[in-house]
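Okay, target35.tsv is below, TSV, C-alpha atoms and all ligand atoms:
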```tsv
chain	number	residue	atom	x	y	z
A	97	MET	CA	6.70	-8.75	-29.68
A	98	SER	CA	7.70	-6.25	-27.00
A	99	ARG	CA	7.78	-7.31	-23.37
A	100	ILE	CA	5.09	-5.95	-21.07
A	101	PRO	CA	6.36	-5.22	-17.54
A	102	VAL	CA	4.04	-5.59	-14.56
A	103	ALA	CA	4.65	-1.99	-13.49
A	104	GLN	CA	6.71	1.05	-14.43
A	105	PRO	CA	6.80	4.68	-13.34
A	106	VAL	CA	5.80	7.67	-15.45
A	107	LEU	CA	7.98	10.73	-14.86
A	108	GLY	CA	6.48	12.91	-17.58
A	109	GLY	CA	5.73	16.15	-15.74
A	110	ASN	CA	7.91	18.53	-13.73
A	111	GLU	CA	10.01	15.76	-12.13
A	112	ARG	CA	13.13	16.57	-14.15
A	113	LYS	CA	12.77	20.34	-13.69
A	114	TYR	CA	12.35	20.09	-9.92
A	115	VAL	CA	15.20	17.57	-9.47
A	116	LEU	CA	17.53	19.80	-11.50
A	117	ASP	CA	16.45	22.71	-9.31
A	118	CYS	CA	17.61	20.73	-6.23
A	119	ILE	CA	20.98	20.10	-7.86
A	120	ASP	CA	21.39	23.63	-9.22
A	121	THR	CA	20.59	25.16	-5.82
A	122	ASN	CA	22.62	22.58	-3.83
A	123	TRP	CA	19.58	21.52	-1.75
A	124	ILE	CA	19.94	17.75	-2.03
A	125	SER	CA	19.61	16.54	1.57
A	126	SER	CA	16.48	16.39	3.71
A	127	ASN	CA	16.45	20.17	4.03
A	128	GLY	CA	14.89	22.14	1.20
A	129	LYS	CA	11.63	23.59	0.01
A	130	TYR	CA	10.24	20.51	-1.76
A	131	ILE	CA	9.77	18.56	1.50
A	132	GLY	CA	7.23	21.03	2.89
A	133	MET	CA	5.56	21.52	-0.50
A	134	PHE	CA	5.16	17.76	-1.01
A	135	GLU	CA	3.89	17.31	2.55
A	136	SER	CA	1.26	20.05	2.33
A	137	THR	CA	0.11	18.91	-1.13
A	138	PHE	CA	-0.23	15.33	0.10
A	139	ALA	CA	-2.07	16.37	3.27
A	140	ALA	CA	-4.59	18.34	1.18
A	141	PHE	CA	-5.00	15.39	-1.19
A	142	CYS	CA	-5.88	13.07	1.73
A	143	GLY	CA	-7.99	15.70	3.52
A	144	VAL	CA	-5.89	15.69	6.70
A	145	LYS	CA	-4.03	18.31	8.74
A	146	HIS	CA	-0.61	16.69	8.71
A	147	ALA	CA	1.57	14.73	6.30
A	148	VAL	CA	5.09	13.77	7.40
A	149	ALA	CA	7.49	12.68	4.64
A	150	ILE	CA	9.54	9.56	5.39
A	151	ASN	CA	12.24	7.69	3.45
A	152	ASN	CA	10.08	4.65	2.61
A	153	GLY	CA	6.79	2.96	3.40
A	154	THR	CA	8.34	0.41	5.76
A	155	THR	CA	10.07	3.03	7.93
A	156	ALA	CA	6.81	5.02	7.83
A	157	LEU	CA	5.03	2.02	9.38
A	158	HIS	CA	7.80	1.55	11.95
A	159	LEU	CA	7.88	5.22	12.92
A	160	ALA	CA	4.07	5.36	13.23
A	161	LEU	CA	4.15	2.34	15.56
A	162	VAL	CA	6.98	3.84	17.65
A	163	CYS	CA	5.01	7.07	18.01
A	164	LEU	CA	1.84	5.15	18.91
A	165	ASP	CA	3.96	3.78	21.81
A	166	LEU	CA	3.94	0.16	20.70
A	167	GLN	CA	5.96	-1.83	23.24
A	168	PRO	CA	7.57	-5.29	23.37
A	169	GLY	CA	4.92	-7.86	24.27
A	170	ASP	CA	2.07	-5.82	22.75
A	171	GLU	CA	-0.09	-7.27	19.99
A	172	VAL	CA	-1.28	-5.68	16.75
A	173	ILE	CA	-3.99	-7.11	14.50
A	174	ILE	CA	-3.11	-7.30	10.79
A	175	PRO	CA	-4.56	-9.17	7.81
A	176	THR	CA	-2.65	-12.34	6.94
A	177	VAL	CA	-2.60	-11.30	3.27
A	178	THR	CA	-0.39	-8.24	2.96
A	179	TYR	CA	3.11	-7.25	1.95
A	180	ILE	CA	5.66	-8.45	4.52
A	181	ALA	CA	6.49	-4.88	5.67
A	182	THR	CA	3.19	-4.64	7.61
A	183	ALA	CA	4.17	-7.59	9.81
A	184	ASN	CA	7.87	-6.70	9.97
A	185	ALA	CA	7.22	-3.18	11.31
A	186	VAL	CA	5.29	-4.66	14.24
A	187	ARG	CA	8.14	-7.09	14.90
A	188	TYR	CA	10.73	-4.25	14.81
A	189	CYS	CA	9.00	-2.92	17.95
A	190	GLY	CA	9.28	-6.30	19.69
A	191	ALA	CA	5.50	-6.65	19.40
A	192	THR	CA	3.54	-9.52	17.84
A	193	PRO	CA	1.52	-9.28	14.63
A	194	VAL	CA	-1.71	-11.20	15.24
A	195	LEU	CA	-3.11	-12.48	11.98
A	196	VAL	CA	-6.71	-12.30	10.79
A	197	ASP	CA	-8.26	-13.88	7.70
A	198	VAL	CA	-9.34	-11.78	4.72
A	199	CYS	CA	-12.43	-11.26	2.56
A	200	PRO	CA	-12.46	-13.45	-0.55
A	201	ASP	CA	-12.79	-10.78	-3.24
A	202	THR	CA	-10.78	-7.81	-2.00
A	203	MET	CA	-8.24	-9.80	0.07
A	204	ASN	CA	-8.69	-7.11	2.75
A	205	ILE	CA	-9.00	-7.80	6.48
A	206	ASP	CA	-12.32	-9.48	7.38
A	207	PRO	CA	-13.89	-7.34	10.14
A	208	ALA	CA	-16.02	-10.31	11.27
A	209	ALA	CA	-12.83	-12.21	12.18
A	210	ILE	CA	-11.14	-9.42	14.18
A	211	GLU	CA	-12.82	-9.60	17.57
A	212	ALA	CA	-11.93	-13.24	18.19
A	213	LYS	CA	-8.24	-12.18	18.02
A	214	ILE	CA	-8.43	-9.27	20.49
A	215	THR	CA	-6.71	-9.93	23.84
A	216	PRO	CA	-5.75	-7.67	26.78
A	217	ARG	CA	-2.39	-7.13	24.98
A	218	THR	CA	-3.94	-5.82	21.76
A	219	ARG	CA	-3.05	-2.17	21.13
A	220	GLY	CA	-4.22	-1.53	17.60
A	221	ILE	CA	-5.35	-2.71	14.18
A	222	ILE	CA	-3.57	-2.20	10.84
A	223	PRO	CA	-6.08	-2.58	8.00
A	224	VAL	CA	-4.30	-2.68	4.62
A	225	HIS	CA	-5.99	-1.22	1.53
A	226	LEU	CA	-4.68	-3.99	-0.70
A	227	TYR	CA	-4.04	-3.37	-4.40
A	228	GLY	CA	-6.00	-0.09	-4.15
A	229	HIS	CA	-9.34	-1.33	-2.75
A	230	PRO	CA	-10.08	0.21	0.67
A	231	ALA	CA	-10.61	-2.02	3.67
A	232	GLU	CA	-13.99	-1.90	5.46
A	233	MET	CA	-13.01	1.06	7.59
A	234	ASP	CA	-16.42	1.72	9.18
A	235	ALA	CA	-16.50	-1.77	10.68
A	236	VAL	CA	-12.80	-1.69	11.65
A	237	ASN	CA	-13.15	1.72	13.34
A	238	GLU	CA	-16.28	0.61	15.21
A	239	ILE	CA	-14.47	-2.43	16.67
A	240	ALA	CA	-11.39	-0.33	17.49
A	241	ALA	CA	-13.48	2.30	19.30
A	242	ARG	CA	-15.28	-0.36	21.35
A	243	HIS	CA	-11.95	-1.88	22.45
A	244	LYS	CA	-10.05	1.43	22.75
A	245	LEU	CA	-7.52	0.52	20.07
A	246	TRP	CA	-5.75	2.78	17.58
A	247	VAL	CA	-6.14	2.20	13.83
A	248	LEU	CA	-3.16	2.59	11.50
A	249	GLU	CA	-4.17	2.42	7.84
A	250	ASP	CA	-1.51	0.81	5.65
A	251	ALA	CA	-2.36	2.79	2.53
A	252	ALA	CA	0.92	1.99	0.73
A	253	GLU	CA	-1.00	0.78	-2.34
A	254	ALA	CA	-4.09	2.99	-2.34
A	255	HIS	CA	-3.31	6.70	-2.88
A	256	GLY	CA	-6.67	8.37	-3.53
A	257	ALA	CA	-9.04	5.50	-2.63
A	258	GLU	CA	-12.17	6.54	-0.72
A	259	VAL	CA	-14.76	5.30	1.75
A	260	GLY	CA	-17.94	7.37	2.12
A	261	GLY	CA	-16.42	10.29	0.22
A	262	ARG	CA	-13.34	10.47	2.46
A	263	ARG	CA	-9.91	9.52	1.24
A	264	VAL	CA	-7.75	6.79	2.77
A	265	GLY	CA	-5.12	8.41	4.92
A	266	SER	CA	-7.88	10.25	6.82
A	267	LEU	CA	-9.86	7.25	8.05
A	268	GLY	CA	-7.92	6.06	11.11
A	269	THR	CA	-5.68	7.39	13.88
A	270	CYS	CA	-2.96	7.77	11.25
A	271	ALA	CA	-1.96	6.20	7.93
A	272	THR	CA	1.18	5.29	6.03
A	273	PHE	CA	1.92	5.41	2.30
A	274	SER	CA	4.70	4.08	0.07
A	275	PHE	CA	6.19	5.89	-2.91
A	276	PHE	CA	8.29	2.98	-4.19
A	277	GLY	CA	8.93	2.99	-7.96
A	278	ASN	CA	5.92	0.82	-8.77
A	279	LYS	CA	3.36	2.82	-6.75
A	280	ILE	CA	0.59	5.14	-8.03
A	281	VAL	CA	2.65	8.11	-6.80
A	282	THR	CA	6.39	7.50	-6.69
A	283	THR	CA	9.55	9.16	-5.44
A	284	GLY	CA	11.75	6.14	-6.26
A	285	GLU	CA	11.87	5.19	-2.61
A	286	GLY	CA	9.74	7.14	-0.16
A	287	GLY	CA	6.87	7.17	2.30
A	288	MET	CA	4.43	9.43	4.13
A	289	ILE	CA	2.50	9.37	7.39
A	290	THR	CA	-0.80	11.27	7.54
A	291	THR	CA	-2.83	12.21	10.60
A	292	ASP	CA	-5.22	14.80	12.02
A	293	ASP	CA	-3.64	14.48	15.48
A	294	ASP	CA	-1.39	17.51	16.21
A	295	GLU	CA	0.45	15.83	19.07
A	296	LEU	CA	1.14	12.66	17.07
A	297	ALA	CA	2.38	14.73	14.11
A	298	ALA	CA	4.85	16.62	16.32
A	299	LYS	CA	6.09	13.34	17.77
A	300	LEU	CA	6.50	11.82	14.29
A	301	ARG	CA	8.62	14.83	13.23
A	302	LEU	CA	10.73	14.59	16.37
A	303	PHE	CA	11.43	10.85	16.00
A	304	ARG	CA	11.96	11.10	12.21
A	305	GLY	CA	14.93	13.43	12.72
A	306	GLN	CA	16.99	11.45	15.28
A	307	GLY	CA	14.87	12.90	18.08
A	308	MET	CA	16.57	16.30	17.95
A	309	ASP	CA	14.77	18.89	20.09
A	310	PRO	CA	13.23	21.39	17.61
A	311	LYS	CA	14.08	24.24	20.02
A	312	ARG	CA	17.62	23.16	20.92
A	313	ARG	CA	19.97	22.07	18.15
A	314	TYR	CA	21.99	18.91	18.81
A	315	TRP	CA	20.04	18.11	21.97
A	316	PHE	CA	18.38	14.68	21.85
A	317	PRO	CA	15.77	13.98	24.53
A	318	VAL	CA	14.72	10.61	23.01
A	319	VAL	CA	16.18	7.79	20.90
A	320	GLY	CA	15.02	8.74	17.42
A	321	TYR	CA	15.74	7.56	13.89
A	322	ASN	CA	17.02	8.99	10.64
A	323	TYR	CA	13.94	8.28	8.52
A	324	ARG	CA	14.01	11.59	6.63
A	325	MET	CA	13.12	11.94	2.94
A	326	THR	CA	15.52	13.82	0.68
A	327	ASN	CA	14.57	17.07	-1.04
A	328	ILE	CA	15.26	15.31	-4.36
A	329	ALA	CA	12.72	12.58	-3.60
A	330	ALA	CA	10.18	15.18	-2.44
A	331	ALA	CA	10.77	17.16	-5.66
A	332	ILE	CA	9.78	14.07	-7.66
A	333	GLY	CA	6.81	13.51	-5.34
A	334	LEU	CA	5.52	17.05	-5.80
A	335	ALA	CA	5.68	16.70	-9.59
A	336	GLN	CA	3.86	13.35	-9.31
A	337	MET	CA	1.10	14.96	-7.21
A	338	GLU	CA	0.56	17.63	-9.88
A	339	ARG	CA	-0.63	14.83	-12.17
A	340	VAL	CA	-2.16	12.41	-9.68
A	341	ASN	CA	-5.72	12.83	-10.97
A	342	GLU	CA	-4.55	11.94	-14.46
A	343	ALA	CA	-2.74	8.90	-13.07
A	344	LEU	CA	-5.86	7.70	-11.23
A	345	ALA	CA	-8.06	8.24	-14.31
A	346	GLU	CA	-5.67	6.38	-16.63
A	347	ARG	CA	-5.45	3.46	-14.22
A	348	ALA	CA	-9.25	3.33	-13.93
A	349	GLN	CA	-9.44	3.23	-17.74
A	350	ILE	CA	-7.00	0.31	-17.82
A	351	ALA	CA	-9.24	-1.57	-15.36
A	352	ARG	CA	-12.27	-0.97	-17.62
A	353	TRP	CA	-10.31	-2.34	-20.60
A	354	TYR	CA	-9.38	-5.43	-18.58
A	355	ASP	CA	-13.00	-5.90	-17.41
A	356	GLU	CA	-14.14	-5.85	-21.02
A	357	ALA	CA	-11.35	-7.97	-22.51
A	358	LEU	CA	-11.57	-10.61	-19.78
A	359	ALA	CA	-15.39	-10.82	-19.70
A	360	PRO	CA	-15.41	-13.81	-22.09
A	361	LEU	CA	-13.32	-15.72	-19.49
A	362	ALA	CA	-16.16	-15.59	-16.91
A	363	GLY	CA	-16.25	-18.93	-15.14
A	364	LYS	CA	-12.53	-19.38	-15.65
A	365	VAL	CA	-11.35	-16.26	-13.84
A	366	VAL	CA	-12.87	-14.07	-11.12
A	367	LEU	CA	-12.47	-10.37	-11.87
A	368	PRO	CA	-12.02	-7.63	-9.25
A	369	LYS	CA	-15.20	-5.89	-8.14
A	370	GLU	CA	-15.54	-2.58	-6.34
A	371	LYS	CA	-17.72	-2.76	-3.22
A	372	SER	CA	-20.79	-0.52	-3.20
A	373	TRP	CA	-19.45	1.49	-0.24
A	374	ALA	CA	-15.97	1.97	-1.68
A	375	LYS	CA	-14.19	3.99	-4.32
A	376	GLN	CA	-11.15	1.97	-5.27
A	377	VAL	CA	-8.04	3.04	-7.11
A	378	VAL	CA	-6.27	0.66	-9.44
A	379	TRP	CA	-2.77	-0.04	-8.21
A	380	MET	CA	-2.67	-3.63	-9.47
A	381	TYR	CA	-5.43	-5.25	-11.53
A	382	ASN	CA	-5.87	-8.51	-9.75
A	383	ILE	CA	-7.59	-11.67	-11.06
A	384	PHE	CA	-8.22	-15.04	-9.43
A	385	LEU	CA	-8.30	-18.30	-11.37
A	386	ALA	CA	-11.60	-20.10	-10.71
A	387	ASP	CA	-11.90	-22.78	-8.04
A	388	GLY	CA	-9.21	-25.42	-8.60
A	389	GLY	CA	-6.96	-22.86	-10.33
A	390	GLU	CA	-4.31	-22.97	-7.58
A	391	ALA	CA	-2.74	-26.06	-9.20
A	392	LYS	CA	-2.11	-24.21	-12.46
A	393	ARG	CA	-1.54	-20.62	-11.24
A	394	ASP	CA	2.25	-20.77	-11.29
A	395	SER	CA	2.40	-22.48	-14.67
A	396	VAL	CA	-0.01	-19.88	-16.14
A	397	MET	CA	2.30	-17.13	-14.83
A	398	ARG	CA	5.35	-18.91	-16.22
A	399	GLN	CA	3.78	-19.29	-19.63
A	400	LEU	CA	2.66	-15.66	-19.66
A	401	ASP	CA	6.27	-14.75	-18.90
A	402	GLU	CA	7.43	-16.84	-21.88
A	403	MET	CA	4.91	-14.89	-24.00
A	404	GLY	CA	6.54	-11.62	-22.85
A	405	ILE	CA	3.96	-10.74	-20.18
A	406	GLU	CA	5.26	-10.11	-16.69
A	407	THR	CA	2.88	-10.78	-13.76
A	408	ARG	CA	3.09	-11.16	-9.96
A	409	PRO	CA	1.48	-13.65	-7.60
A	410	VAL	CA	-0.98	-12.27	-5.05
A	411	PHE	CA	0.97	-11.92	-1.78
A	412	TYR	CA	1.61	-15.20	0.06
A	413	PRO	CA	-0.18	-15.01	3.44
A	414	MET	CA	1.97	-14.13	6.45
A	415	HIS	CA	1.07	-17.40	8.19
A	416	VAL	CA	3.02	-19.39	5.58
A	417	MET	CA	6.13	-17.13	5.76
A	418	PRO	CA	8.96	-18.60	7.87
A	419	PRO	CA	9.19	-15.64	10.33
A	420	TYR	CA	5.44	-15.70	11.03
A	421	ALA	CA	4.55	-19.34	10.31
A	422	GLU	CA	1.54	-20.81	12.09
A	423	SER	CA	-0.22	-24.12	11.81
A	424	THR	CA	-3.59	-22.34	12.09
A	425	SER	CA	-5.54	-22.31	8.86
A	426	TYR	CA	-6.95	-19.11	7.42
A	427	PRO	CA	-9.42	-20.63	4.97
A	428	VAL	CA	-10.07	-17.65	2.70
A	429	ALA	CA	-6.41	-16.63	2.47
A	430	ASP	CA	-5.36	-20.26	1.96
A	431	GLU	CA	-7.85	-20.80	-0.81
A	432	TRP	CA	-7.77	-17.46	-2.65
A	433	ALA	CA	-4.21	-16.14	-2.42
A	434	GLN	CA	-2.87	-19.15	-4.31
A	435	ARG	CA	-5.18	-18.45	-7.23
A	436	GLY	CA	-4.45	-14.74	-7.52
A	437	ILE	CA	-2.41	-13.07	-10.27
A	438	ASN	CA	-1.56	-9.35	-10.56
A	439	LEU	CA	-1.68	-8.35	-14.22
A	440	PRO	CA	0.42	-5.51	-15.71
A	441	THR	CA	-0.98	-2.18	-14.48
A	442	PHE	CA	0.76	1.08	-15.27
A	443	GLN	CA	0.14	4.35	-17.07
A	444	GLY	CA	0.98	3.89	-20.72
A	445	LEU	CA	-0.35	0.34	-20.95
A	446	THR	CA	-2.45	0.42	-24.13
A	447	ARG	CA	-5.79	-1.15	-24.98
A	448	GLU	CA	-3.89	-3.37	-27.46
A	449	ASP	CA	-1.55	-4.51	-24.65
A	450	VAL	CA	-4.58	-5.37	-22.51
A	451	GLN	CA	-6.14	-7.34	-25.39
A	452	ARG	CA	-2.85	-9.18	-25.94
A	453	ILE	CA	-2.77	-10.14	-22.24
A	454	ALA	CA	-6.43	-11.25	-22.31
A	455	ASP	CA	-5.86	-13.32	-25.49
A	456	ALA	CA	-2.79	-14.95	-23.92
A	457	LEU	CA	-4.79	-15.85	-20.80
A	458	ALA	CA	-7.67	-17.18	-22.92
A	459	SER	CA	-5.35	-19.44	-24.87
A	460	LEU	CA	-3.64	-20.76	-21.72
A	461	LEU	CA	-6.92	-21.37	-19.88
A	462	ALA	CA	-8.47	-23.10	-22.91
A	463	ALA	CA	-5.58	-25.56	-23.01
B	1	LIG	C1	0.95	-2.97	1.85
B	1	LIG	C2	2.34	-2.42	1.89
B	1	LIG	N1	2.83	-1.99	3.06
B	1	LIG	C3	4.06	-1.48	3.16
B	1	LIG	C4	4.89	-1.37	2.06
B	1	LIG	C5	6.30	-0.89	2.24
B	1	LIG	O1	6.64	0.19	1.47
B	1	LIG	P1	8.16	0.41	0.96
B	1	LIG	O2	8.42	-0.61	-0.10
B	1	LIG	O3	8.13	1.80	0.44
B	1	LIG	O4	9.05	0.25	2.13
B	1	LIG	C6	4.43	-1.80	0.81
B	1	LIG	C7	5.29	-1.69	-0.37
B	1	LIG	O5	5.17	-2.29	-1.37
B	1	LIG	C8	3.13	-2.35	0.72
B	1	LIG	O6	2.66	-2.80	-0.44
```

Translate the structure of the given file into C-alpha cells.
Amino acid sequence: MSRIPVAQPVLGGNERKYVLDCIDTNWISSNGKYIGMFESTFAAFCGVKHAVAINNGTTALHLALVCLDLQPGDEVIIPTVTYIATANAVRYCGATPVLVDVCPDTMNIDPAAIEAKITPRTRGIIPVHLYGHPAEMDAVNEIAARHKLWVLEDAAEAHGAEVGGRRVGSLGTCATFSFFGNKIVTTGEGGMITTDDDELAAKLRLFRGQGMDPKRRYWFPVVGYNYRMTNIAAAIGLAQMERVNEALAERAQIARWYDEALAPLAGKVVLPKEKSWAKQVVWMYNIFLADGGEAKRDSVMRQLDEMGIETRPVFYPMHVMPPYAESTSYPVADEWAQRGINLPTFQGLTREDVQRIADALASLLAA
C-alpha cells in the first residue's frame, strides 16, 4: 500500500510558468515584478493595507518584533503550545517570552490566563492561530488595549481563517505568515508581514533591506537585515494565491471526511471543533486521544508509521523545551499536548486515504 505523507505541496497552477518567466527574464533576486504582485494580492486577501514579503516565517516574526521596538529586558506574552519560532524570535531581540497556558480544544492561548502574566516589562502579546483555528482575538485585543500592549498575530498556520468576518492578518497591530513547503500557501521557504499601519509598514521595508535609505542608495541610517524574499519565491506565491480558495475548500472537505470517518471512535478520540465565533481553516487535522491516551500516543504514531501513515505530534509546550524550561506547570498544555496527533492533511488526500487512516486508528485503539 502506498505511503501517506503528513503534508505535501500542490504546485498545479501557474507556478511553473511564473518561475520560468523569472529565469527567462533574468529577474531571480529580490527585485522583480512578482514581489509587488504577491504582496498586493496577499494584502487584499487579508483585508489590510500592507503586506511585506519576507524570506521565511521566523524572520518575519523577528523583523516585526524589531520594528515594534522590542528591547532587551522586555517581556512578550506567548502561548506555551506553539512552534519554537514564536519563542525564538522574542529571544533574538534579547527579550523574554512569558508563557501562558492554552485552551483545551484549540490549543490556542487562553485569554483568561493572560493578565496574571502581565508585568511593567510586558510590551505585547503574540497569539498564535494554531493549526488553522483562530485565537480568541476579541478577548486578546481587549486585554492588550487596556494594558497598552501591541498584538502580533502569528498566523503562520492559518491563511484565510476569520474572526467576526475579518481575516487573520488584519486582527492585531500586525501579523506574520509562513509559506514553508507544508503550509496552506507555500513558496518553498517564505513569509509575510501584514499591517494597516503605514509607518510600521515603511519601517518593515527599511529594515528588511539592510536598512538602506529608500531615497539615498547605499546609505544605511540603521542596522537592518537581509530578510528579502526572492522574485522566484514570490512567483510561486502569486500562483498559489490564484488558487487559494480551492485549497481552502479542499482542506475543509478533508476535515469533513475525517469527522465522518472518525465519528465511530467517539470516546476514544476527541475531534477538532470550530468555535461558534470562528471560521477556521484546516492546516493540520488534529485529534487528541481520550483521557489517559498520553501513555500510548507515541506507540500509536509509531504503529501508524509502520502501516504507511505519517503523522506528527502536537507541538511540545515551550516550558518543557531546554531553552525555555520552567518548573511551573501549565495544566492544560501538560495534559492535552501529549495526547495530540496531527493526521495527514494536504490537497490530494482522497476519501479512501482518510478511511484507511480512520480504520488504522480504529484497529490500534481497539487493541
Ligand atoms: C506557529 C508558527 N510560527 C512560526 C513559524 C515559522 O515559519 P518558518 O518555518 O517559515 O520560518 C511556523 C512554521 O512552521 C509556525 O508554525

### Long-range neighbours of Lys129 of chain A as a PyMOL selection string, 9 Å cut-off, only C-alpha atoms, 3 positions minimum in chain
chain A and resi 123+132-134+327+330-331

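Each residue with an atom within 7 Å of any atom of ligand LIG 1 (chain B) appears in the list, which was built counting only C-alpha atoms and all ligand atoms: Asn152, Gly153, Thr154, Thr155, Thr178, Tyr179, Ala181, Thr182, Val224, Leu226, Asp250, Ala251, Ala252, Glu253, Ser274, Phe275, Phe276, Glu285, Gly286 and Gly287 of chain A.
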
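Shell of Thr218 of chain A at 10 Å, with only C-alpha atoms counted and residues fewer than 6 places along the chain excluded, is Leu166, Gly169, Asp170, Glu171, Val172, Ile173, Ala191, Thr192, Pro193, Val194, His243, Lys244, Leu245 and Trp246 of chain A.
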
### Contact residues around Glu211 of chain A with all atoms listed in the file at 10 Å, ignoring same-chain residues under 3 positions, as a ChimeraX atom specification
/A:173,196,207-208,214-215,236,239-240,243

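Residues surrounding Asp234 of chain A within 12 Å are Pro207, Pro223, Ile239, Ala240, Ala241, Val247, Glu258, Val259, Gly260, Arg262, Val264, Leu267, Gly268, Trp373 and Ala374 of chain A [all atoms listed in the file; sequence separation below 5 positions excluded].
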
Pull the closest atom pair for each residue of segment 355-410 of chain A that gets at most 7 Å from segment 100-120 of chain A, along with the distance in Å to one decimal, counting only C-alpha atoms, ordering rows by chain and then ascending residue number, as a tab-separated table.
```
residue	atom	partner	partner_atom	distance
A:Gly404	CA	A:Ile100	CA	6.1
A:Ile405	CA	A:Ile100	CA	5.0
A:Glu406	CA	A:Pro101	CA	5.1
A:Thr407	CA	A:Val102	CA	5.4
```

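Distance-wise, atom CA of Val378 of chain A and atom CA of Ile350 of chain A end up 8.4 Å apart.
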
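If you measure from each of A:Met203, A:Val416, A:Val186, A:Leu460 to Pro368 of chain A using only C-alpha atoms, the closest one turns out to be A:Met203.
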
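Distance annotation: of A:Thr176, A:Thr441, A:Ser125, A:Asn184, the residue with the minimal separation from His158 of chain A is A:Asn184; atom set is all atoms listed in the file.
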
### Message
I'd like the contact shell of Asp294 of chain A - 9 Å cut-off, all atoms listed in the file, skipping same-chain residues fewer than 4 positions apart - returned as a PyMOL selection string.
### Response
chain A and resi 145-146+298-299

## Note on the structure
Nearest to Tyr354 of chain A, restricted to all atoms listed in the file and choosing among A:Glu448, A:Asp430, A:Glu342, A:Glu422, comes out as A:Glu448

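Between atom CA of Arg435 of chain A and atom CA of Gly363 of chain A there is a distance of 13.6 Å.
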
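Using all atoms listed in the file, the shortest contact distance between Tyr412 of chain A and any of A:Asn322, A:Ser425, A:Ser98, A:Gln434 is found at A:Gln434.
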
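The spacing separating atom CA of Tyr381 of chain A from atom CA of Pro418 of chain A amounts to 27.6 Å.
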
### Query
Between A:Ala391, A:Leu457, A:Val281, A:Leu361, which one has atoms that come closest to Phe141 of chain A, using only C-alpha atoms?
A:Val281
